[in-house]
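A.B. asks: Sending over my_file35.cif (mmCIF, C-alpha atoms; chains and numbers go by the auth columns).
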```
data_protein
loop_
_atom_site.group_PDB
_atom_site.id
_atom_site.type_symbol
_atom_site.label_atom_id
_atom_site.label_comp_id
_atom_site.label_asym_id
_atom_site.label_seq_id
_atom_site.Cartn_x
_atom_site.Cartn_y
_atom_site.Cartn_z
_atom_site.B_iso_or_equiv
_atom_site.auth_seq_id
_atom_site.auth_asym_id
ATOM 1 C CA MET A 1 -19.864 16.643 -1.782 0.00 1 A
ATOM 2 C CA VAL A 2 -19.354 13.923 0.843 0.00 2 A
ATOM 3 C CA ARG A 3 -16.233 14.396 2.934 0.00 3 A
ATOM 4 C CA LYS A 4 -15.125 11.090 4.407 0.00 4 A
ATOM 5 C CA VAL A 5 -12.709 10.426 7.203 0.00 5 A
ATOM 6 C CA ILE A 6 -9.404 9.152 5.799 0.00 6 A
ATOM 7 C CA GLU A 7 -7.950 6.184 7.662 0.00 7 A
ATOM 8 C CA ILE A 8 -4.523 6.938 9.130 0.00 8 A
ATOM 9 C CA ALA A 9 -2.767 4.681 11.631 0.00 9 A
ATOM 10 C CA LYS A 10 -2.834 6.248 15.121 0.00 10 A
ATOM 11 C CA ARG A 11 -4.332 9.361 13.560 0.00 11 A
ATOM 12 C CA LYS A 12 -4.687 12.660 15.354 0.00 12 A
ATOM 13 C CA TYR A 13 -5.800 14.632 12.330 0.00 13 A
ATOM 14 C CA ILE A 14 -8.584 13.979 9.864 0.00 14 A
ATOM 15 C CA ALA A 15 -5.892 13.621 7.159 0.00 15 A
ATOM 16 C CA SER A 16 -2.118 13.829 6.868 0.00 16 A
ATOM 17 C CA PRO A 17 -0.657 17.278 7.690 0.00 17 A
ATOM 18 C CA GLN A 18 1.108 17.062 4.322 0.00 18 A
ATOM 19 C CA ILE A 19 -2.284 17.025 2.609 0.00 19 A
ATOM 20 C CA TYR A 20 -3.173 20.192 4.491 0.00 20 A
ATOM 21 C CA ARG A 21 0.172 21.709 3.517 0.00 21 A
ATOM 22 C CA LEU A 22 -0.784 21.260 -0.141 0.00 22 A
ATOM 23 C CA TRP A 23 -4.332 22.508 0.440 0.00 23 A
ATOM 24 C CA PHE A 24 -2.845 25.560 2.199 0.00 24 A
ATOM 25 C CA GLU A 25 -0.431 26.276 -0.662 0.00 25 A
ATOM 26 C CA PHE A 26 -3.122 25.959 -3.329 0.00 26 A
ATOM 27 C CA TYR A 27 -5.361 28.276 -1.294 0.00 27 A
ATOM 28 C CA LYS A 28 -2.604 30.896 -1.205 0.00 28 A
ATOM 29 C CA ILE A 29 -2.324 30.588 -4.983 0.00 29 A
ATOM 30 C CA ALA A 30 -6.091 31.101 -5.262 0.00 30 A
ATOM 31 C CA LEU A 31 -5.898 34.204 -3.072 0.00 31 A
ATOM 32 C CA LYS A 32 -3.371 35.720 -5.483 0.00 32 A
ATOM 33 C CA SER A 33 -5.290 34.709 -8.602 0.00 33 A
ATOM 34 C CA LYS A 34 -6.635 37.308 -11.040 0.00 34 A
ATOM 35 C CA ASP A 35 -8.983 34.788 -12.655 0.00 35 A
ATOM 36 C CA LYS A 36 -12.579 36.070 -12.400 0.00 36 A
ATOM 37 C CA GLU A 37 -14.018 32.614 -11.728 0.00 37 A
ATOM 38 C CA VAL A 38 -11.544 31.990 -8.892 0.00 38 A
ATOM 39 C CA ILE A 39 -12.190 35.428 -7.369 0.00 39 A
ATOM 40 C CA SER A 40 -15.942 34.823 -7.484 0.00 40 A
ATOM 41 C CA ALA A 41 -15.558 31.391 -5.874 0.00 41 A
ATOM 42 C CA LEU A 42 -13.413 32.853 -3.076 0.00 42 A
ATOM 43 C CA LYS A 43 -16.161 35.323 -2.208 0.00 43 A
ATOM 44 C CA LYS A 44 -18.644 32.460 -1.848 0.00 44 A
ATOM 45 C CA SER A 45 -16.277 30.349 0.286 0.00 45 A
ATOM 46 C CA LYS A 46 -15.211 33.235 2.530 0.00 46 A
ATOM 47 C CA ASN A 47 -17.095 31.885 5.559 0.00 47 A
ATOM 48 C CA PHE A 48 -15.766 28.371 4.971 0.00 48 A
ATOM 49 C CA TYR A 49 -12.177 29.612 5.230 0.00 49 A
ATOM 50 C CA ALA A 50 -12.792 32.270 7.875 0.00 50 A
ATOM 51 C CA SER A 51 -11.157 30.295 10.695 0.00 51 A
ATOM 52 C CA TRP A 52 -8.008 29.650 8.603 0.00 52 A
ATOM 53 C CA GLY A 53 -6.931 33.284 8.877 0.00 53 A
ATOM 54 C CA ILE A 54 -4.441 33.011 6.008 0.00 54 A
ATOM 55 C CA ASP A 55 -2.540 35.855 4.435 0.00 55 A
ATOM 56 C CA THR A 56 -0.509 35.229 1.316 0.00 56 A
ATOM 57 C CA GLU A 57 2.847 35.767 3.034 0.00 57 A
ATOM 58 C CA ILE A 58 2.530 33.388 5.997 0.00 58 A
ATOM 59 C CA HIS A 59 4.547 30.158 5.975 0.00 59 A
ATOM 60 C CA PHE A 60 2.694 26.874 6.452 0.00 60 A
ATOM 61 C CA ASP A 61 4.700 25.785 9.527 0.00 61 A
ATOM 62 C CA ASP A 62 3.907 29.023 11.360 0.00 62 A
ATOM 63 C CA TRP A 63 0.249 28.821 10.398 0.00 63 A
ATOM 64 C CA TRP A 64 -0.003 25.138 11.335 0.00 64 A
ATOM 65 C CA LYS A 65 1.225 25.751 14.888 0.00 65 A
ATOM 66 C CA GLU A 66 -1.749 28.001 15.482 0.00 66 A
ATOM 67 C CA LYS A 67 -4.433 26.361 13.356 0.00 67 A
ATOM 68 C CA GLN A 68 -3.785 22.622 13.508 0.00 68 A
ATOM 69 C CA HIS A 69 -6.610 22.114 15.989 0.00 69 A
ATOM 70 C CA LEU A 70 -9.062 22.842 13.156 0.00 70 A
ATOM 71 C CA PHE A 71 -8.121 19.507 11.593 0.00 71 A
ATOM 72 C CA TYR A 72 -8.251 17.201 14.600 0.00 72 A
ATOM 73 C CA GLU A 73 -10.137 13.954 14.212 0.00 73 A
ATOM 74 C CA THR A 74 -13.460 14.205 16.066 0.00 74 A
ATOM 75 C CA LYS A 75 -14.825 10.691 15.567 0.00 75 A
ATOM 76 C CA LYS A 76 -13.109 8.792 18.365 0.00 76 A
ATOM 77 C CA ILE A 77 -13.631 7.031 21.675 0.00 77 A
ATOM 78 C CA LYS A 78 -13.837 9.420 24.607 0.00 78 A
ATOM 79 C CA LEU A 79 -13.125 8.900 28.290 0.00 79 A
ATOM 80 C CA ILE A 80 -15.773 10.826 30.253 0.00 80 A
ATOM 81 C CA LYS A 81 -14.453 12.097 33.581 0.00 81 A
ATOM 82 C CA GLY A 82 -16.395 13.304 36.640 0.00 82 A
ATOM 83 C CA ASN A 83 -19.398 15.430 35.784 0.00 83 A
ATOM 84 C CA GLN A 84 -18.233 16.172 32.256 0.00 84 A
ATOM 85 C CA PRO A 85 -21.336 16.764 30.097 0.00 85 A
ATOM 86 C CA ILE A 86 -22.054 14.516 27.129 0.00 86 A
ATOM 87 C CA THR A 87 -22.880 16.728 24.174 0.00 87 A
ATOM 88 C CA ASP A 88 -22.257 14.497 21.157 0.00 88 A
ATOM 89 C CA ALA A 89 -25.463 12.697 20.227 0.00 89 A
ATOM 90 C CA SER A 90 -23.566 10.453 17.796 0.00 90 A
ATOM 91 C CA HIS A 91 -21.862 8.631 20.717 0.00 91 A
ATOM 92 C CA LEU A 92 -23.216 5.664 22.650 0.00 92 A
ATOM 93 C CA VAL A 93 -22.431 6.120 26.351 0.00 93 A
ATOM 94 C CA ILE A 94 -21.367 3.020 28.291 0.00 94 A
ATOM 95 C CA SER A 95 -20.777 2.718 32.035 0.00 95 A
ATOM 96 C CA PHE A 96 -18.990 -0.197 33.692 0.00 96 A
ATOM 97 C CA PRO A 97 -17.283 -0.853 37.070 0.00 97 A
ATOM 98 C CA LYS A 98 -13.557 -0.093 37.060 0.00 98 A
ATOM 99 C CA ASP A 99 -12.745 -3.315 38.874 0.00 99 A
ATOM 100 C CA ILE A 100 -14.398 -5.582 36.308 0.00 100 A
ATOM 101 C CA SER A 101 -12.052 -8.033 34.604 0.00 101 A
ATOM 102 C CA LEU A 102 -11.219 -7.537 30.928 0.00 102 A
ATOM 103 C CA GLU A 103 -12.612 -10.974 30.113 0.00 103 A
ATOM 104 C CA VAL A 104 -15.969 -10.201 31.674 0.00 104 A
ATOM 105 C CA LEU A 105 -16.004 -6.728 30.146 0.00 105 A
ATOM 106 C CA MET A 106 -15.503 -8.075 26.616 0.00 106 A
ATOM 107 C CA LYS A 107 -18.233 -10.658 27.163 0.00 107 A
ATOM 108 C CA GLU A 108 -20.616 -7.942 28.343 0.00 108 A
ATOM 109 C CA PHE A 109 -19.646 -5.795 25.371 0.00 109 A
ATOM 110 C CA GLN A 110 -20.524 -8.574 22.940 0.00 110 A
ATOM 111 C CA GLU A 111 -23.832 -9.329 24.664 0.00 111 A
ATOM 112 C CA ARG A 112 -25.066 -5.796 25.325 0.00 112 A
ATOM 113 C CA VAL A 113 -23.248 -3.216 23.229 0.00 113 A
ATOM 114 C CA VAL A 114 -22.894 -4.978 19.879 0.00 114 A
ATOM 115 C CA PRO A 115 -26.681 -5.541 19.509 0.00 115 A
ATOM 116 C CA GLU A 116 -27.255 -1.861 20.310 0.00 116 A
ATOM 117 C CA LEU A 117 -24.801 -0.785 17.628 0.00 117 A
ATOM 118 C CA GLU A 118 -26.379 -3.164 15.129 0.00 118 A
ATOM 119 C CA LYS A 119 -29.791 -1.565 15.730 0.00 119 A
ATOM 120 C CA ARG A 120 -28.375 1.887 15.024 0.00 120 A
ATOM 121 C CA LYS A 121 -26.172 0.903 12.087 0.00 121 A
ATOM 122 C CA ASN A 122 -28.677 1.568 9.329 0.00 122 A
ATOM 123 C CA ARG A 123 -29.712 4.970 10.612 0.00 123 A
ATOM 124 C CA THR A 124 -26.354 6.348 11.721 0.00 124 A
ATOM 125 C CA LYS A 125 -24.910 8.997 9.439 0.00 125 A
ATOM 126 C CA ILE A 126 -21.159 8.912 8.812 0.00 126 A
ATOM 127 C CA THR A 127 -19.516 11.774 10.663 0.00 127 A
ATOM 128 C CA GLU A 128 -18.313 14.395 8.207 0.00 128 A
ATOM 129 C CA HIS A 129 -15.494 16.753 9.058 0.00 129 A
ATOM 130 C CA ARG A 130 -15.722 20.312 7.775 0.00 130 A
ATOM 131 C CA TYR A 131 -12.148 20.253 6.502 0.00 131 A
ATOM 132 C CA ALA A 132 -11.851 16.652 5.362 0.00 132 A
ATOM 133 C CA PRO A 133 -10.394 16.312 1.851 0.00 133 A
ATOM 134 C CA THR A 134 -12.886 15.152 -0.754 0.00 134 A
ATOM 135 C CA GLU A 135 -12.355 11.667 -2.143 0.00 135 A
ATOM 136 C CA VAL A 136 -13.728 12.013 -5.630 0.00 136 A
ATOM 137 C CA GLN A 137 -10.557 10.546 -7.098 0.00 137 A
ATOM 138 C CA GLY A 138 -8.779 9.618 -3.891 0.00 138 A
ATOM 139 C CA VAL A 139 -6.199 11.827 -2.264 0.00 139 A
ATOM 140 C CA LYS A 140 -3.019 11.177 -4.263 0.00 140 A
ATOM 141 C CA GLN A 141 -0.467 13.136 -2.280 0.00 141 A
ATOM 142 C CA ASP A 142 2.491 12.669 -4.635 0.00 142 A
ATOM 143 C CA SER A 143 0.451 13.703 -7.670 0.00 143 A
ATOM 144 C CA LEU A 144 -0.932 16.748 -5.892 0.00 144 A
ATOM 145 C CA ARG A 145 2.582 17.776 -4.859 0.00 145 A
ATOM 146 C CA LEU A 146 3.709 17.494 -8.496 0.00 146 A
ATOM 147 C CA TYR A 147 0.806 19.651 -9.701 0.00 147 A
ATOM 148 C CA PHE A 148 1.739 22.273 -7.117 0.00 148 A
ATOM 149 C CA GLU A 149 5.397 22.224 -8.160 0.00 149 A
ATOM 150 C CA LEU A 150 4.565 22.512 -11.847 0.00 150 A
ATOM 151 C CA TYR A 151 2.215 25.409 -11.271 0.00 151 A
ATOM 152 C CA GLU A 152 4.652 27.246 -9.028 0.00 152 A
ATOM 153 C CA LYS A 153 7.704 26.695 -11.265 0.00 153 A
ATOM 154 C CA VAL A 154 6.154 26.724 -14.737 0.00 154 A
ATOM 155 C CA PHE A 155 2.423 27.304 -15.246 0.00 155 A
ATOM 156 C CA SER A 156 2.237 30.438 -13.085 0.00 156 A
ATOM 157 C CA LYS A 157 4.531 32.191 -15.578 0.00 157 A
ATOM 158 C CA GLU A 158 2.092 33.637 -18.100 0.00 158 A
ATOM 159 C CA LYS A 159 4.771 34.340 -20.725 0.00 159 A
ATOM 160 C CA LEU A 160 5.687 30.639 -20.960 0.00 160 A
ATOM 161 C CA LYS A 161 3.628 29.075 -23.742 0.00 161 A
ATOM 162 C CA GLY A 162 3.903 26.390 -26.388 0.00 162 A
ATOM 163 C CA VAL A 163 7.359 24.915 -26.854 0.00 163 A
ATOM 164 C CA ASP A 164 8.884 27.179 -24.192 0.00 164 A
ATOM 165 C CA GLN A 165 6.397 25.935 -21.618 0.00 165 A
ATOM 166 C CA TYR A 166 7.044 22.349 -22.667 0.00 166 A
ATOM 167 C CA LYS A 167 10.821 22.786 -22.341 0.00 167 A
ATOM 168 C CA ALA A 168 10.358 24.435 -18.927 0.00 168 A
ATOM 169 C CA VAL A 169 8.434 21.376 -17.702 0.00 169 A
ATOM 170 C CA GLN A 170 11.243 19.122 -18.881 0.00 170 A
ATOM 171 C CA SER A 171 13.823 21.321 -17.164 0.00 171 A
ATOM 172 C CA HIS A 172 11.862 21.119 -13.923 0.00 172 A
ATOM 173 C CA PHE A 173 12.070 17.335 -13.920 0.00 173 A
ATOM 174 C CA LEU A 174 15.800 17.392 -14.659 0.00 174 A
ATOM 175 C CA ASP A 175 16.398 19.661 -11.654 0.00 175 A
ATOM 176 C CA ARG A 176 13.638 18.401 -9.359 0.00 176 A
ATOM 177 C CA PHE A 177 15.621 16.433 -6.758 0.00 177 A
ATOM 178 C CA LYS A 178 18.973 17.188 -5.165 0.00 178 A
ATOM 179 C CA LYS A 179 19.599 13.768 -3.620 0.00 179 A
ATOM 180 C CA LYS A 180 17.709 11.459 -5.995 0.00 180 A
ATOM 181 C CA PRO A 181 18.148 10.706 -9.696 0.00 181 A
ATOM 182 C CA ASN A 182 16.233 13.022 -12.013 0.00 182 A
ATOM 183 C CA GLU A 183 14.617 12.011 -15.260 0.00 183 A
ATOM 184 C CA ILE A 184 11.903 13.291 -17.546 0.00 184 A
ATOM 185 C CA PRO A 185 8.745 11.116 -17.292 0.00 185 A
ATOM 186 C CA GLU A 186 7.847 9.247 -20.464 0.00 186 A
ATOM 187 C CA TYR A 187 4.673 11.300 -20.981 0.00 187 A
ATOM 188 C CA PHE A 188 6.769 14.494 -21.184 0.00 188 A
ATOM 189 C CA SER A 189 9.676 13.059 -23.182 0.00 189 A
ATOM 190 C CA ASP A 190 10.444 13.960 -26.819 0.00 190 A
ATOM 191 C CA TYR A 191 12.347 10.804 -27.853 0.00 191 A
ATOM 192 C CA ASP A 192 15.129 12.452 -29.844 0.00 192 A
ATOM 193 C CA ASP A 193 12.998 15.125 -31.478 0.00 193 A
ATOM 194 C CA ASN A 194 10.338 12.779 -32.839 0.00 194 A
ATOM 195 C CA GLU A 195 7.633 15.263 -33.981 0.00 195 A
ATOM 196 C CA GLU A 196 4.673 13.016 -33.203 0.00 196 A
ATOM 197 C CA ARG A 197 6.026 12.260 -29.753 0.00 197 A
ATOM 198 C CA ILE A 198 6.744 15.940 -29.072 0.00 198 A
ATOM 199 C CA GLU A 199 3.157 16.866 -29.956 0.00 199 A
ATOM 200 C CA SER A 200 1.854 14.139 -27.659 0.00 200 A
ATOM 201 C CA SER A 201 4.061 15.376 -24.793 0.00 201 A
ATOM 202 C CA MET A 202 2.975 18.969 -25.364 0.00 202 A
ATOM 203 C CA ARG A 203 -0.655 17.866 -25.116 0.00 203 A
ATOM 204 C CA ASN A 204 0.211 16.266 -21.775 0.00 204 A
ATOM 205 C CA VAL A 205 1.733 19.550 -20.609 0.00 205 A
ATOM 206 C CA ARG A 206 -1.480 21.391 -21.533 0.00 206 A
ATOM 207 C CA ARG A 207 -3.494 18.698 -19.768 0.00 207 A
ATOM 208 C CA TYR A 208 -1.457 19.060 -16.591 0.00 208 A
ATOM 209 C CA LYS A 209 -1.832 22.817 -16.673 0.00 209 A
ATOM 210 C CA LYS A 210 -5.590 22.457 -17.020 0.00 210 A
ATOM 211 C CA LYS A 211 -5.655 20.164 -13.990 0.00 211 A
ATOM 212 C CA CYS A 212 -3.595 22.641 -11.975 0.00 212 A
ATOM 213 C CA LEU A 213 -6.063 25.403 -12.775 0.00 213 A
ATOM 214 C CA GLN A 214 -8.975 23.142 -11.851 0.00 214 A
ATOM 215 C CA LEU A 215 -7.356 22.338 -8.489 0.00 215 A
ATOM 216 C CA ILE A 216 -7.008 26.053 -7.775 0.00 216 A
ATOM 217 C CA LEU A 217 -10.669 26.608 -8.627 0.00 217 A
ATOM 218 C CA ASN A 218 -11.716 23.630 -6.478 0.00 218 A
ATOM 219 C CA VAL A 219 -9.840 25.071 -3.519 0.00 219 A
ATOM 220 C CA ALA A 220 -11.404 28.483 -4.114 0.00 220 A
ATOM 221 C CA ASN A 221 -14.766 26.712 -3.919 0.00 221 A
ATOM 222 C CA GLY A 222 -13.841 25.179 -0.559 0.00 222 A
ATOM 223 C CA GLU A 223 -12.859 21.637 -1.523 0.00 223 A
ATOM 224 C CA PHE A 224 -9.604 19.754 -1.950 0.00 224 A
ATOM 225 C CA PRO A 225 -8.722 18.061 -4.126 0.00 225 A
ATOM 226 C CA GLY A 226 -12.168 17.604 -5.677 0.00 226 A
ATOM 227 C CA LYS A 227 -12.518 16.451 -9.261 0.00 227 A
ATOM 228 C CA TYR A 228 -9.657 17.547 -11.480 0.00 228 A
#
```
As structure tokens, please, write out the structure in this file.
C.D. replies:
Amino acid sequence: MVRKVIEIAKRKYIASPQIYRLWFEFYKIALKSKDKEVISALKKSKNFYASWGIDTEIHFDDWWKEKQHLFYETKKIKLIKGNQPITDASHLVISFPKDISLEVLMKEFQERVVPELEKRKNRTKITEHRYAPTEVQGVKQDSLRLYFELYEKVFSKEKLKGVDQYKAVQSHFLDRFKKKPNEIPEYFSDYDDNEERIESSMRNVRRYKKKCLQLILNVANGEFPGKY
């Protein structure tokens, strides 16, 4: 799976810390899972997650203070100082006098550097970050947060099934925000007990649960969000 750098203005990390918060939370869910497929996937991805050092009780903010360096953007312009060695073969090293004017420097850049980059363009591989989110469907942060909430509040409760599970999803939306209006989304609404509409909404609940479980499995396999 190709892991692409996500464009973020003035970025320091390969993706938004909030994306990693969700990845972290889904990984903790996976670690607690009793599903045989998830447990098997975790064994295979053990080395991938080794540097994360997560236990199921640690809070994201505490973990992030120690581990955020794992998610720093690595594809960037570097200022080489003194005798600092150049170890990244993907970089083109340029030297110019410090007293050169910006106008002359830009002219030189166009004449000398641009042609060099053009020659390398077709054979340069896009830098891939080990912990970059996959972009199979795009990283939809709000949707991923909703899936996490629904799993944590509703789908993780094994005894909730059928109508009870459906009503629990509706209750979650009615209590979701403290400072913003709450309403049940149309795809989970029952429209005054219309049986056909209720069945359609219950199918949507089952569909969302299935996606939540797929996200957990994806994370156990070492990718986020992956295809879900």
A.B. asks: Give the centre and edge lengths of an axis-aligned box, in Å to one decimal, that holds all listed atoms of range 131-136 of chain A with 6 Å on each side, as lines of an AutoDock Vina configuration file.
C.D. replies:
```
center_x = -12.1
center_y = 16.0
center_z = 0.4
size_x = 15.3
size_y = 20.6
size_z = 24.1
```
A.B. asks: In terms of the shortest atom-to-atom distance over all atoms listed in the file, which of A:Val205, A:Ile198, A:Leu22, A:Ala132 is closest to Ala168 in chain A?
C.D. replies: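 Of the candidates, the smallest distance to Ala168 in chain A is held by A:Val205.
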A.B. asks: Could you tell me how far CA of Asp190 in chain A lies from CA of Ser143 in chain A, in Å and to one decimal?
C.D. replies: 21.6 Å
A.B. asks: Name the residues that the PyMOL selection byres ((chain A and resi 70) around 12) picks from the file above, as an NGL selection string, using the file's chain letters and numbers.
C.D. replies: :A and (12-15 or 17 or 20 or 48-53 or 63-69 or 71-74 or 129-132)
A.B. asks: Taking the file above as input, evaluate the PyMOL selection byres ((chain A and resi 95) around 12) and report the hits as a PyMOL selection string.
C.D. replies: chain A and resi 79-81+92-94+96-98+100+105+108-109+112-113
A.B. asks: Taking C-alpha atoms for each residue, export the selection above as a compact mmCIF listing (two decimals), keeping the file's coordinate frame.
C.D. replies:
```txt
# COMPACT_ATOMS: atom_id res chain seq x y z
CA LEU A 79 -13.12 8.90 28.29
CA ILE A 80 -15.77 10.83 30.25
CA LYS A 81 -14.45 12.10 33.58
CA LEU A 92 -23.22 5.66 22.65
CA VAL A 93 -22.43 6.12 26.35
CA ILE A 94 -21.37 3.02 28.29
CA PHE A 96 -18.99 -0.20 33.69
CA PRO A 97 -17.28 -0.85 37.07
CA LYS A 98 -13.56 -0.09 37.06
CA ILE A 100 -14.40 -5.58 36.31
CA LEU A 105 -16.00 -6.73 30.15
CA GLU A 108 -20.62 -7.94 28.34
CA PHE A 109 -19.65 -5.80 25.37
CA ARG A 112 -25.07 -5.80 25.32
CA VAL A 113 -23.25 -3.22 23.23
```
A.B. asks: Please evaluate the PyMOL selection byres ((chain A and resi 32-42) around 12) against the structure above and give the resulting residues as number ranges by chain.
C.D. replies: A: 25-31, 43-50, 54-57, 156, 158, 213-223
A.B. asks: Generate the output file for the selected residues, C-alpha atoms, as a short mmCIF file (atom, residue, chain, number, x, y, z; two decimals), in the frame of the given file.
C.D. replies:
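Contents of the output file part-v7.cif:
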```cif
data_model
loop_
_atom_site.label_atom_id
_atom_site.label_comp_id
_atom_site.auth_asym_id
_atom_site.auth_seq_id
_atom_site.Cartn_x
_atom_site.Cartn_y
_atom_site.Cartn_z
CA GLU A 25 -0.43 26.28 -0.66
CA PHE A 26 -3.12 25.96 -3.33
CA TYR A 27 -5.36 28.28 -1.29
CA LYS A 28 -2.60 30.90 -1.20
CA ILE A 29 -2.32 30.59 -4.98
CA ALA A 30 -6.09 31.10 -5.26
CA LEU A 31 -5.90 34.20 -3.07
CA LYS A 43 -16.16 35.32 -2.21
CA LYS A 44 -18.64 32.46 -1.85
CA SER A 45 -16.28 30.35 0.29
CA LYS A 46 -15.21 33.24 2.53
CA ASN A 47 -17.10 31.88 5.56
CA PHE A 48 -15.77 28.37 4.97
CA TYR A 49 -12.18 29.61 5.23
CA ALA A 50 -12.79 32.27 7.88
CA ILE A 54 -4.44 33.01 6.01
CA ASP A 55 -2.54 35.85 4.43
CA THR A 56 -0.51 35.23 1.32
CA GLU A 57 2.85 35.77 3.03
CA SER A 156 2.24 30.44 -13.08
CA GLU A 158 2.09 33.64 -18.10
CA LEU A 213 -6.06 25.40 -12.78
CA GLN A 214 -8.98 23.14 -11.85
CA LEU A 215 -7.36 22.34 -8.49
CA ILE A 216 -7.01 26.05 -7.78
CA LEU A 217 -10.67 26.61 -8.63
CA ASN A 218 -11.72 23.63 -6.48
CA VAL A 219 -9.84 25.07 -3.52
CA ALA A 220 -11.40 28.48 -4.11
CA ASN A 221 -14.77 26.71 -3.92
CA GLY A 222 -13.84 25.18 -0.56
CA GLU A 223 -12.86 21.64 -1.52
#
```
A.B. asks: Taking all atoms listed in the file into account, name the residue in A:Glu116, A:Glu149, A:Asp193, A:Asp62 that is nearest to Tyr208 in chain A.
C.D. replies: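 Looking at the shortest contact to Tyr208 in chain A, the residue is A:Glu149.
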A.B. asks: Just to confirm, what's the straight-line distance from CA of Lys140 in chain A to CA of Lys167 in chain A in Å (one decimal)?
C.D. replies: 25.6 Å
